[in-house]
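*Asks:* mmCIF, C-alpha atoms, saved as coords13.cif, coming up:
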```
data_data
#
loop_
_atom_site.label_atom_id
_atom_site.label_comp_id
_atom_site.auth_asym_id
_atom_site.auth_seq_id
_atom_site.Cartn_x
_atom_site.Cartn_y
_atom_site.Cartn_z
CA MET A 1 67.82 86.59 37.71
CA LYS A 2 65.20 88.19 35.51
CA GLN A 3 62.99 88.72 38.58
CA ILE A 4 65.86 90.34 40.49
CA GLY A 5 66.55 92.59 37.52
CA MET A 6 62.88 93.62 37.30
CA ILE A 7 62.75 94.38 41.03
CA ALA A 8 65.88 96.51 40.70
CA VAL A 9 64.29 98.44 37.85
CA LEU A 10 61.08 99.01 39.84
CA ILE A 11 63.05 100.22 42.86
CA ALA A 12 65.03 102.58 40.67
CA VAL A 13 61.85 103.95 39.07
CA PHE A 14 60.16 104.39 42.44
CA THR A 15 63.22 106.07 43.97
CA SER A 16 63.52 108.42 41.02
CA SER A 17 59.80 109.23 41.19
CA ALA A 18 59.93 109.81 44.95
CA PHE A 19 62.97 112.05 44.59
CA ALA A 20 61.28 114.14 41.87
CA GLN A 21 58.07 114.27 43.91
CA CYS A 22 59.93 115.67 46.90
CA ALA A 23 62.75 117.64 45.27
CA THR A 24 63.90 120.92 46.85
CA TRP A 25 65.43 124.05 45.34
CA VAL A 26 68.55 123.68 47.46
CA GLY A 27 71.61 123.50 45.21
CA LEU A 28 69.75 124.03 41.93
CA SER A 29 71.69 125.95 39.29
CA ASN A 30 68.75 128.38 38.99
CA GLU A 31 67.97 128.48 42.72
CA GLY A 32 67.81 132.29 42.71
CA GLU A 33 65.28 132.30 39.87
CA ILE A 34 63.14 129.72 41.68
CA LEU A 35 63.25 131.73 44.90
CA ASP A 36 62.05 134.80 43.00
CA ALA A 37 59.15 132.83 41.55
CA HIS A 38 58.40 131.46 45.01
CA SER A 39 58.22 134.99 46.45
CA LEU A 40 55.92 136.18 43.64
CA TYR A 41 53.50 133.27 44.06
CA ARG A 42 53.50 133.67 47.84
CA ASP A 43 52.80 137.40 47.58
CA ASN A 44 49.85 136.78 45.26
CA TYR A 45 48.62 133.91 47.38
CA LYS A 46 48.69 135.95 50.59
CA MET A 47 46.90 138.86 48.92
CA ALA A 48 44.28 136.44 47.56
CA ARG A 49 43.44 135.12 51.02
CA LYS A 50 40.71 137.21 52.65
CA SER A 51 40.29 137.81 56.36
CA ASP A 52 37.37 135.34 56.52
CA GLY A 53 39.51 132.53 55.05
CA THR A 54 38.00 132.64 51.56
CA PHE A 55 39.98 133.51 48.43
CA ASP A 56 39.96 136.06 45.64
CA LEU A 57 40.03 133.73 42.64
CA GLU A 58 41.61 136.23 40.25
CA ARG A 59 44.54 136.82 42.59
CA LEU A 60 44.97 133.05 42.95
CA LYS A 61 45.06 132.77 39.19
CA GLY A 62 47.82 135.40 39.29
CA ALA A 63 49.76 133.19 41.71
CA LEU A 64 49.28 130.01 39.68
CA PRO A 65 52.01 130.52 36.97
CA TYR A 66 54.66 131.27 39.59
CA TRP A 67 53.48 128.39 41.81
CA THR A 68 53.61 126.05 38.81
CA LYS A 69 57.15 127.09 37.92
CA VAL A 70 58.34 126.47 41.47
CA PHE A 71 56.38 123.27 42.03
CA GLU A 72 57.64 121.62 38.87
CA VAL A 73 61.25 121.70 40.09
CA ALA A 74 60.99 122.07 43.88
CA PRO A 75 57.68 120.70 45.23
CA ALA A 76 59.29 120.34 48.69
CA ALA A 77 60.58 123.95 48.67
CA ASP A 78 63.70 123.97 50.87
CA GLY A 79 62.64 120.81 52.74
CA LYS A 80 61.58 122.82 55.79
CA ARG A 81 58.09 123.87 54.73
CA ASP A 82 55.12 122.28 52.93
CA TRP A 83 53.65 125.47 51.51
CA HIS A 84 53.88 124.33 47.90
CA TYR A 85 51.57 121.40 48.59
CA ALA A 86 49.24 123.18 51.00
CA ASN A 87 48.90 126.29 48.83
CA GLY A 88 48.59 124.18 45.68
CA VAL A 89 45.61 122.38 47.22
CA ASP A 90 43.97 125.74 47.98
CA ILE A 91 44.56 127.04 44.45
CA TYR A 92 43.16 123.98 42.70
CA MET A 93 40.25 123.65 45.14
CA GLU A 94 39.18 127.18 44.22
CA LEU A 95 39.62 126.47 40.52
CA PHE A 96 37.51 123.32 40.94
CA LYS A 97 34.71 125.18 42.72
CA ALA A 98 34.59 127.92 40.09
CA GLU A 99 34.82 125.65 37.02
CA THR A 100 31.67 124.67 35.10
CA ASP A 101 33.22 122.44 32.44
CA ALA A 102 32.96 118.80 33.63
CA THR A 103 36.22 117.71 32.03
CA LYS A 104 38.21 120.53 33.59
CA LYS A 105 36.56 119.93 36.97
CA ASP A 106 37.71 116.32 36.83
CA GLU A 107 41.24 117.48 36.00
CA TYR A 108 41.28 119.90 38.93
CA LYS A 109 39.86 117.26 41.27
CA GLN A 110 42.57 114.79 40.29
CA LYS A 111 45.22 117.47 40.74
CA VAL A 112 44.01 118.10 44.30
CA LEU A 113 44.06 114.38 45.13
CA ASP A 114 47.53 114.01 43.61
CA LEU A 115 48.77 116.96 45.66
CA TYR A 116 47.50 115.35 48.86
CA ASP A 117 49.22 112.06 48.00
CA GLY A 118 52.48 113.82 47.14
CA TRP A 119 52.27 115.89 50.30
CA VAL A 120 51.92 112.73 52.42
CA GLN A 121 54.76 111.03 50.54
CA CYS A 122 57.16 113.91 51.20
CA ILE A 123 56.30 114.00 54.92
CA GLU A 124 56.55 110.23 55.20
CA SER A 125 59.92 110.09 53.46
CA GLY A 126 61.33 112.90 55.58
CA ALA A 127 61.95 115.10 52.53
CA ILE A 128 59.88 117.79 54.27
CA ILE A 129 60.69 118.19 57.95
CA VAL A 130 57.77 118.87 60.29
CA SER A 131 58.11 120.50 63.71
CA ASN A 132 56.01 120.50 66.90
CA THR A 133 54.40 117.20 65.95
CA SER A 134 55.24 113.71 64.73
CA LYS A 135 55.22 112.63 61.09
CA GLU A 136 52.37 110.24 61.86
CA GLU A 137 50.18 112.91 63.42
CA TYR A 138 50.91 115.36 60.62
CA ILE A 139 50.00 112.80 57.96
CA GLY A 140 46.76 112.26 59.88
CA TYR A 141 46.15 115.99 59.73
CA ILE A 142 46.71 116.04 55.94
CA ARG A 143 44.45 113.05 55.33
CA GLY A 144 41.78 114.58 57.57
CA ARG A 145 41.79 117.77 55.51
CA GLU A 146 41.69 115.71 52.34
CA ALA A 147 38.74 113.65 53.62
CA PHE A 148 36.85 116.82 54.56
CA ASN A 149 37.29 118.23 51.04
CA MET A 150 36.48 114.86 49.48
CA TYR A 151 33.10 114.81 51.21
CA TYR A 152 31.97 118.42 51.09
CA THR A 153 33.46 119.61 47.80
CA LEU A 154 35.13 117.01 45.58
CA ASN A 155 32.34 114.43 45.81
CA VAL A 156 34.59 111.38 45.56
CA PRO A 157 33.27 107.81 46.02
CA TYR A 158 32.63 106.94 49.67
CA GLU A 159 35.10 104.04 49.56
CA ASP A 160 37.94 106.47 48.77
CA ASN A 161 36.65 108.93 51.34
CA ILE A 162 36.59 106.24 54.03
CA ALA A 163 40.16 105.23 53.17
CA SER A 164 41.35 108.80 53.84
CA LEU A 165 39.25 109.06 57.00
CA GLU A 166 40.61 105.77 58.33
CA GLU A 167 44.19 106.84 57.70
CA ALA A 168 43.54 110.24 59.27
CA ILE A 169 42.19 108.68 62.49
CA ASP A 170 44.78 105.88 62.63
CA LYS A 171 47.69 108.28 62.17
CA ALA A 172 46.58 111.27 64.22
CA GLY A 173 44.68 109.48 66.98
CA ASN A 174 43.59 111.95 69.65
CA LYS A 175 45.15 114.75 67.61
CA SER A 176 42.59 114.20 64.83
CA GLU A 177 40.75 117.39 63.95
CA TYR A 178 37.08 117.67 64.88
CA ILE A 179 36.25 118.53 61.24
CA VAL A 180 36.38 114.82 60.34
CA PHE A 181 33.58 113.85 62.76
CA ASP A 182 30.56 114.93 60.74
CA PRO A 183 31.57 113.56 57.31
CA TYR A 184 32.73 110.28 58.83
CA ALA A 185 29.45 109.87 60.73
CA ARG A 186 27.36 110.65 57.66
CA ILE A 187 29.27 108.20 55.48
CA VAL A 188 28.98 105.45 58.12
CA VAL A 189 25.21 106.00 58.40
CA TYR A 190 24.85 105.84 54.61
CA GLN A 191 27.05 102.76 54.25
CA PHE A 192 25.33 100.88 57.09
CA THR A 193 21.83 101.83 55.96
CA ASN A 194 22.61 100.57 52.47
CA GLU A 195 24.17 97.33 53.80
CA LEU A 196 27.66 98.35 52.67
CA MET A 197 29.08 98.26 56.20
CA ASP A 198 28.44 95.84 59.07
CA LYS A 199 27.42 96.97 62.53
CA GLU A 200 30.75 95.96 64.08
CA MET A 201 32.63 98.44 61.88
CA ALA A 202 29.99 101.13 62.43
CA ARG A 203 30.32 100.65 66.21
CA ASP A 204 34.11 100.77 65.94
CA VAL A 205 34.07 104.11 64.11
CA HIS A 206 31.53 105.50 66.58
CA LYS A 207 33.73 104.53 69.53
CA LYS A 208 36.94 105.89 67.99
CA LEU A 209 35.40 109.27 67.19
CA ASN A 210 33.73 109.62 70.59
CA ASP A 211 36.93 108.64 72.38
CA ILE A 212 38.83 111.33 70.44
CA ALA A 213 36.12 113.88 71.20
CA ASP A 214 36.05 113.04 74.92
CA HIS A 215 39.85 113.24 75.16
CA ASN A 216 39.89 116.72 73.64
CA ILE A 217 36.89 117.97 75.59
CA GLU A 218 38.79 117.10 78.76
CA ASN A 219 42.34 118.03 77.74
CA ASN A 220 42.27 120.48 74.83
CA GLN A 221 41.92 123.91 76.43
CA GLN A 222 42.04 125.77 73.13
CA PHE A 223 39.57 123.74 71.08
CA GLY A 224 37.74 121.62 73.67
CA SER A 225 34.46 123.47 73.13
CA TYR A 226 34.70 122.88 69.38
CA TYR A 227 35.13 119.15 69.95
CA LYS A 228 32.11 119.19 72.28
CA THR A 229 29.92 120.84 69.65
CA ALA A 230 31.24 118.53 66.93
CA LYS A 231 30.59 115.48 69.13
CA GLU A 232 26.98 116.50 69.73
CA SER A 233 26.42 117.09 66.02
CA MET A 234 28.11 113.82 65.08
CA ASN A 235 26.08 111.76 67.55
CA ALA A 236 22.87 113.35 66.28
CA VAL A 237 23.81 111.81 62.92
CA PHE A 238 24.72 108.44 64.47
CA ALA A 239 21.35 108.46 66.27
CA GLN A 240 19.75 107.39 62.99
CA ILE A 241 21.32 103.93 63.31
CA GLU A 242 22.22 103.56 66.98
CA ASN A 243 19.15 101.40 67.65
CA TYR A 244 20.44 98.89 65.11
CA ILE A 245 24.13 98.76 66.01
CA PHE A 246 24.18 99.01 69.81
CA ASP A 247 23.01 96.76 72.64
CA CYS A 248 21.79 97.15 76.21
CA ASP A 249 25.17 98.09 77.68
CA TYR A 250 25.65 100.99 75.26
CA PHE A 251 22.27 102.50 76.10
CA LYS A 252 22.84 102.05 79.82
CA GLU A 253 26.09 103.99 79.49
CA LYS A 254 24.32 106.64 77.43
CA LEU A 255 21.12 107.08 79.46
CA LEU A 256 22.05 106.45 83.10
CA PRO A 257 23.95 109.77 83.43
CA GLU A 258 20.69 111.54 82.54
CA HIS A 259 18.93 109.83 85.44
CA GLU A 260 21.85 110.51 87.79
CA ALA A 261 21.72 114.20 86.87
CA ASP A 262 17.98 114.37 87.65
CA PRO A 263 17.21 111.47 90.02
CA LYS A 264 13.82 112.81 91.17
CA ASN A 265 12.42 113.05 87.64
CA GLY A 266 10.12 110.05 87.58
CA GLU A 267 8.90 110.60 84.03
CA LEU A 268 12.49 110.65 82.76
CA LEU A 269 13.15 107.44 84.69
CA ARG A 270 10.08 105.80 83.13
CA SER A 271 11.29 106.82 79.64
CA ILE A 272 14.79 105.45 80.32
CA ILE A 273 13.42 102.11 81.56
CA SER A 274 11.21 101.84 78.48
CA THR A 275 14.14 102.55 76.12
CA LEU A 276 16.42 100.07 77.88
CA LYS A 277 13.80 97.33 77.62
CA GLN A 278 13.43 98.04 73.91
CA ARG A 279 17.22 97.73 73.55
CA GLY A 280 17.24 94.27 75.10
CA CYS A 281 17.79 94.96 78.82
CA THR A 282 15.92 92.39 80.92
CA ASP A 283 14.38 92.79 84.38
CA GLU A 284 16.99 90.33 85.68
CA ASP A 285 19.74 92.82 84.90
CA PRO A 286 20.87 94.31 88.27
CA THR A 287 20.76 97.82 86.87
CA MET A 288 17.24 97.31 85.56
CA ALA A 289 16.13 95.83 88.88
CA ASP A 290 17.44 98.92 90.65
CA LEU A 291 15.73 101.28 88.18
CA ASN A 292 12.46 99.38 88.43
CA ALA A 293 12.55 99.59 92.22
CA LYS A 294 13.18 103.33 92.06
CA TYR A 295 10.32 103.82 89.63
CA LYS A 296 7.94 101.75 91.77
CA SER A 297 8.79 103.95 94.75
CA TYR A 298 8.21 107.05 92.62
CA ALA A 299 4.95 105.70 91.21
CA ASP A 300 3.72 104.76 94.70
CA SER A 301 4.45 108.25 96.01
CA VAL A 302 2.71 109.85 93.03
CA ASN A 303 -0.28 107.55 93.42
CA ALA A 304 -0.46 108.40 97.12
CA ILE A 305 -0.55 112.11 96.29
CA LEU A 306 -3.18 111.59 93.60
CA GLN A 307 -5.23 109.42 95.92
CA ALA A 308 -5.07 112.03 98.69
CA GLU A 309 -6.25 114.70 96.25
CA GLN A 310 -9.06 112.46 95.06
CA TYR A 311 -10.15 111.59 98.61
CA ALA A 312 -10.15 115.27 99.59
CA LYS A 313 -12.35 116.12 96.60
CA PHE A 314 -14.61 113.06 96.77
CA PRO A 315 -15.02 111.89 100.42
CA HIS A 316 -17.53 109.20 99.41
CA ILE A 317 -14.73 107.42 97.46
CA HIS A 318 -12.54 107.59 100.54
CA ALA A 319 -15.44 106.20 102.58
CA ARG A 320 -15.74 103.15 100.29
CA ALA A 321 -11.98 102.50 100.61
CA LEU A 322 -12.16 102.73 104.40
CA TYR A 323 -15.19 100.41 104.42
CA LYS A 324 -13.20 97.79 102.47
CA GLU A 325 -10.46 98.11 105.07
CA GLU A 326 -13.11 97.49 107.78
CA LYS A 327 -12.51 100.91 109.32
CA TRP A 328 -16.20 101.39 110.07
CA ASP A 329 -16.13 104.58 112.15
CA GLU A 330 -13.79 106.36 109.74
CA ALA A 331 -15.92 105.27 106.79
CA ILE A 332 -19.05 106.64 108.49
CA GLY A 333 -17.26 109.93 109.13
CA LYS A 334 -16.36 110.28 105.43
CA TRP A 335 -19.91 109.47 104.31
CA GLU A 336 -21.19 112.16 106.67
CA GLU A 337 -18.69 114.57 105.10
CA ALA A 338 -19.92 113.52 101.66
CA MET A 339 -23.55 114.17 102.72
CA GLU A 340 -22.65 117.73 103.71
CA LYS A 341 -21.04 118.37 100.30
CA ALA A 342 -23.73 116.63 98.27
CA GLU A 343 -25.69 118.97 96.00
CA GLU A 344 -28.22 116.33 94.90
CA GLU A 345 -30.73 114.71 97.29
CA ASP A 346 -30.41 111.25 95.81
CA LYS A 347 -26.63 111.34 96.42
CA ALA A 348 -27.14 112.45 100.03
CA ALA A 349 -29.69 109.66 100.45
CA GLU A 350 -27.22 107.12 99.08
CA TYR A 351 -24.51 108.17 101.54
CA ASN A 352 -27.06 108.14 104.42
CA TYR A 353 -28.07 104.61 103.41
CA TRP A 354 -24.46 103.42 103.65
CA ILE A 355 -24.10 105.02 107.05
CA GLY A 356 -27.18 103.14 108.26
CA TYR A 357 -26.09 99.91 106.59
CA THR A 358 -22.66 100.10 108.25
CA LYS A 359 -24.12 100.87 111.69
CA PHE A 360 -26.63 98.01 111.46
CA PHE A 361 -24.59 95.23 109.88
CA LYS A 362 -21.07 96.09 111.00
CA LYS A 363 -21.48 97.87 114.36
CA ASP A 364 -24.77 96.41 115.65
CA GLN A 365 -26.09 99.93 116.28
CA VAL A 366 -29.74 99.20 115.55
CA GLY A 367 -31.15 102.47 116.84
CA GLY A 368 -28.69 104.63 115.00
CA ALA A 369 -29.15 102.59 111.85
CA LEU A 370 -32.95 103.09 111.93
CA ALA A 371 -32.49 106.84 112.32
CA ASN A 372 -30.38 106.93 109.19
CA ALA A 373 -32.77 104.63 107.36
CA ARG A 374 -35.70 106.97 108.09
#
```
Starting from the file, give its structure as structure tokens.
*Replies:*
Amino acid sequence: MKQIGMIAVLIAVFTSSAFAQCATWVGLSNEGEILDAHSLYRDNYKMARKSDGTFDLERLKGALPYWTKVFEVAPAADGKRDWHYANGVDIYMELFKAETDATKKDEYKQKVLDLYDGWVQCIESGAIIVSNTSKEEYIGYIRGREAFNMYYTLNVPYEDNIASLEEAIDKAGNKSEYIVFDPYARIVVYQFTNELMDKEMARDVHKKLNDIADHNIENNQQFGSYYKTAKESMNAVFAQIENYIFDCDYFKEKLLPEHEADPKNGELLRSIISTLKQRGCTDEDPTMADLNAKYKSYADSVNAILQAEQYAKFPHIHARALYKEEKWDEAIGKWEEAMEKAEEEDKAAEYNYWIGYTKFFKKDQVGGALANAR
């Protein structure tokens, strides 16, 4: 019975706290007064916001007393808008950035984090109605914004930052904003590098973020290009650890499109084969066998071109090759060509010797061989 009583008390406390956290001005005895304060804070807030998205701190400070008066009794406004939370975050973020006193900075930081939590609670409970999206996706949006500020401004511990990032991605899914990509990637790289995260989790985050990016690049007409840029930047960060968390299949998926886009680039193909071998791909792998065959064909064609250039420049080298192939007449012809190009007498004599040697020992042309010998 005591346990039941305690549970009832806890429920009552929580319900009371949730109600206060998400109270509206609707039906308040001083509703008119609260609406006036709301209008005054909103006017100051809007005037404080500059065209480039930054704020005039003094005007925000002018909005703060009116915002505080409204927020204390009606944090959820009329239940149809979340301005009090969103604007409150902006106000205290600016106060945090401008403050130099460590104690006050900590107070402002905590206020921002509390506002984010309260904001999520009011959306989750339905006290604030959202339109044009689901509650889940909107909570993901809020947590994504929180995570961004946690990383770039508030400097919270990475464990807390990851918790907000995870919730943002889990809730919003493909609707997650591209602004979470870079901080999430940087935290993962740090955590993995310092053995605070295993490679399975690092791979999982990498896949989730790239899947979201690819979805938006293909389907989001308005912001697709932003997702593309954010993806490239994010993967440049992940590149620091990709050799340690991914296997052969990942690198095949990553590198093969480069070869397919430029199939005649033999040097690129050589580089791809080298990277895949370093990442654990074996020659028995069908893909590797195909790539190796393509590179051999490329190398053979290049060698043939180089050989032809060498033979044209140095006919005596071509003559030696033909001699080894037992093509006596053709070899003699190349040595004669070499004699004509020779600028030194001893070189010409050497080529003449080989002509005579070939005629005598390989073609039984004794007379011709003696002529060359003389």
*Asks:* So what does the PyMOL selection byres ((chain A and resi 66) around 7) actually pick up in this one, as a compact mmCIF listing (two decimals) with C-alpha atoms, keeping the file's coordinate frame?
*Replies:*
```
# COMPACT_ATOMS: atom_id res chain seq x y z
CA ALA A 37 59.15 132.83 41.55
CA HIS A 38 58.40 131.46 45.01
CA LEU A 40 55.92 136.18 43.64
CA TYR A 41 53.50 133.27 44.06
CA ALA A 63 49.76 133.19 41.71
CA LEU A 64 49.28 130.01 39.68
CA PRO A 65 52.01 130.52 36.97
CA TRP A 67 53.48 128.39 41.81
CA THR A 68 53.61 126.05 38.81
CA LYS A 69 57.15 127.09 37.92
CA VAL A 70 58.34 126.47 41.47
```
*Asks:* Within 8 Å of (51.5, 118.1, 70.8) in the file's own coordinates, which protein, DNA or RNA residues have an atom, counting all atoms listed in the file? List them as a list in words.
*Replies:*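 In the file's frame, the residues around the point are Asn132, Thr133 and Lys175 of chain A.
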*Asks:* By how many Å are CA of Asp214 in chain A and CA of Ser233 in chain A apart?
*Replies:* 13.7 Å
*Asks:* Between CA of Leu60 in chain A and CA of Asn44 in chain A, what is the distance in Å, rounded to a tenth?
*Replies:*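 Distance between the two atoms: 6.6 Å.
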*Asks:* List the spatial neighbours of Leu57 in chain A as a list in words - criterion: any atom at most 9 Å away, all atoms listed in the file, same-chain residues fewer than 5 positions off excluded.
*Replies:* Ala48, Gly62, Ile91, Glu94, Leu95 and Ala98 of chain A
*Asks:* Once the PyMOL selection byres ((chain A and resi 318-334) around 9) has been evaluated on this model, what residues remain selected, and can you format them as a list in words?
*Replies:*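 Written out, the selection comes to Gln307, Ala308, Gln310, Tyr311, Ala312, Phe314, Pro315, His316, Ile317, Trp335, Glu336, Glu337, Ala338, Met339, Tyr351, Trp354, Ile355, Gly356, Thr358, Lys359, Lys362 and Lys363 of chain A.
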*Asks:* Go ahead and write the selection's residues with C-alpha atoms as a compact mmCIF listing (two decimals), in the coordinates of the input.
*Replies:*
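Written out: again05.txt:
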```txt
# COMPACT_ATOMS: atom_id res chain seq x y z
CA GLN A 307 -5.23 109.42 95.92
CA ALA A 308 -5.07 112.03 98.69
CA GLN A 310 -9.06 112.46 95.06
CA TYR A 311 -10.15 111.59 98.61
CA ALA A 312 -10.15 115.27 99.59
CA PHE A 314 -14.61 113.06 96.77
CA PRO A 315 -15.02 111.89 100.42
CA HIS A 316 -17.53 109.20 99.41
CA ILE A 317 -14.73 107.42 97.46
CA TRP A 335 -19.91 109.47 104.31
CA GLU A 336 -21.19 112.16 106.67
CA GLU A 337 -18.69 114.57 105.10
CA ALA A 338 -19.92 113.52 101.66
CA MET A 339 -23.55 114.17 102.72
CA TYR A 351 -24.51 108.17 101.54
CA TRP A 354 -24.46 103.42 103.65
CA ILE A 355 -24.10 105.02 107.05
CA GLY A 356 -27.18 103.14 108.26
CA THR A 358 -22.66 100.10 108.25
CA LYS A 359 -24.12 100.87 111.69
CA LYS A 362 -21.07 96.09 111.00
CA LYS A 363 -21.48 97.87 114.36
```
*Asks:* Just need range 325-333 of chain A in a file, please: all heavy atoms, as an mmCIF file, in the first residue's frame.
*Replies:*
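Output file part_17.cif follows:
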```
data_model
loop_
_atom_site.group_PDB
_atom_site.id
_atom_site.type_symbol
_atom_site.label_atom_id
_atom_site.label_comp_id
_atom_site.auth_asym_id
_atom_site.auth_seq_id
_atom_site.Cartn_x
_atom_site.Cartn_y
_atom_site.Cartn_z
ATOM 1 N N GLU A 325 63.303 -13.962 -81.490
ATOM 2 C CA GLU A 325 62.103 -14.597 -82.028
ATOM 3 C C GLU A 325 62.424 -15.405 -83.297
ATOM 4 O O GLU A 325 61.510 -15.928 -83.932
ATOM 5 C CB GLU A 325 61.053 -13.522 -82.348
ATOM 6 C CG GLU A 325 60.535 -12.788 -81.113
ATOM 7 C CD GLU A 325 59.609 -11.627 -81.478
ATOM 8 O OE1 GLU A 325 59.180 -11.552 -82.652
ATOM 9 O OE2 GLU A 325 59.331 -10.794 -80.602
ATOM 10 N N GLU A 326 63.722 -15.438 -83.645
ATOM 11 C CA GLU A 326 64.214 -16.184 -84.813
ATOM 12 C C GLU A 326 63.669 -15.617 -86.120
ATOM 13 O O GLU A 326 63.482 -16.327 -87.112
ATOM 14 C CB GLU A 326 63.880 -17.677 -84.694
ATOM 15 C CG GLU A 326 64.525 -18.320 -83.466
ATOM 16 C CD GLU A 326 64.289 -19.809 -83.401
ATOM 17 O OE1 GLU A 326 63.596 -20.348 -84.297
ATOM 18 O OE2 GLU A 326 64.794 -20.448 -82.466
ATOM 19 N N LYS A 327 63.434 -14.322 -86.120
ATOM 20 C CA LYS A 327 63.018 -13.620 -87.348
ATOM 21 C C LYS A 327 64.275 -12.986 -87.942
ATOM 22 O O LYS A 327 64.532 -11.790 -87.802
ATOM 23 C CB LYS A 327 61.955 -12.575 -87.007
ATOM 24 C CG LYS A 327 60.670 -13.191 -86.463
ATOM 25 C CD LYS A 327 59.649 -12.122 -86.101
ATOM 26 C CE LYS A 327 58.367 -12.758 -85.568
ATOM 27 N NZ LYS A 327 57.343 -11.740 -85.175
ATOM 28 N N TRP A 328 65.073 -13.837 -88.610
ATOM 29 C CA TRP A 328 66.421 -13.438 -89.010
ATOM 30 C C TRP A 328 66.423 -12.267 -89.985
ATOM 31 O O TRP A 328 67.187 -11.300 -89.788
ATOM 32 C CB TRP A 328 67.162 -14.639 -89.629
ATOM 33 C CG TRP A 328 66.973 -15.930 -88.871
ATOM 34 C CD1 TRP A 328 66.521 -17.123 -89.365
ATOM 35 C CD2 TRP A 328 67.254 -16.167 -87.495
ATOM 36 N NE1 TRP A 328 66.472 -18.089 -88.410
ATOM 37 C CE2 TRP A 328 66.933 -17.537 -87.227
ATOM 38 C CE3 TRP A 328 67.734 -15.391 -86.446
ATOM 39 C CZ2 TRP A 328 67.091 -18.128 -85.983
ATOM 40 C CZ3 TRP A 328 67.901 -15.973 -85.203
ATOM 41 C CH2 TRP A 328 67.569 -17.309 -84.966
ATOM 42 N N ASP A 329 65.649 -12.353 -91.037
ATOM 43 C CA ASP A 329 65.659 -11.298 -92.062
ATOM 44 C C ASP A 329 65.209 -9.948 -91.478
ATOM 45 O O ASP A 329 65.787 -8.896 -91.781
ATOM 46 C CB ASP A 329 64.750 -11.676 -93.241
ATOM 47 C CG ASP A 329 65.322 -12.829 -94.050
ATOM 48 O OD1 ASP A 329 66.566 -12.981 -94.039
ATOM 49 O OD2 ASP A 329 64.533 -13.572 -94.657
ATOM 50 N N GLU A 330 64.173 -9.984 -90.642
ATOM 51 C CA GLU A 330 63.681 -8.749 -90.046
ATOM 52 C C GLU A 330 64.713 -8.171 -89.080
ATOM 53 O O GLU A 330 64.896 -6.945 -89.003
ATOM 54 C CB GLU A 330 62.367 -9.005 -89.300
ATOM 55 C CG GLU A 330 61.210 -9.381 -90.231
ATOM 56 C CD GLU A 330 59.943 -9.710 -89.452
ATOM 57 O OE1 GLU A 330 59.561 -8.885 -88.602
ATOM 58 O OE2 GLU A 330 59.362 -10.779 -89.678
ATOM 59 N N ALA A 331 65.404 -9.050 -88.361
ATOM 60 C CA ALA A 331 66.446 -8.598 -87.442
ATOM 61 C C ALA A 331 67.573 -7.921 -88.215
ATOM 62 O O ALA A 331 68.066 -6.849 -87.822
ATOM 63 C CB ALA A 331 66.977 -9.775 -86.633
ATOM 64 N N ILE A 332 67.983 -8.548 -89.327
ATOM 65 C CA ILE A 332 69.042 -7.961 -90.158
ATOM 66 C C ILE A 332 68.621 -6.589 -90.664
ATOM 67 O O ILE A 332 69.394 -5.629 -90.655
ATOM 68 C CB ILE A 332 69.374 -8.906 -91.346
ATOM 69 C CG1 ILE A 332 70.084 -10.157 -90.811
ATOM 70 C CG2 ILE A 332 70.222 -8.192 -92.391
ATOM 71 C CD1 ILE A 332 70.235 -11.261 -91.843
ATOM 72 N N GLY A 333 67.363 -6.468 -91.088
ATOM 73 C CA GLY A 333 66.866 -5.180 -91.579
ATOM 74 C C GLY A 333 66.953 -4.101 -90.504
ATOM 75 O O GLY A 333 67.306 -2.950 -90.793
#
```
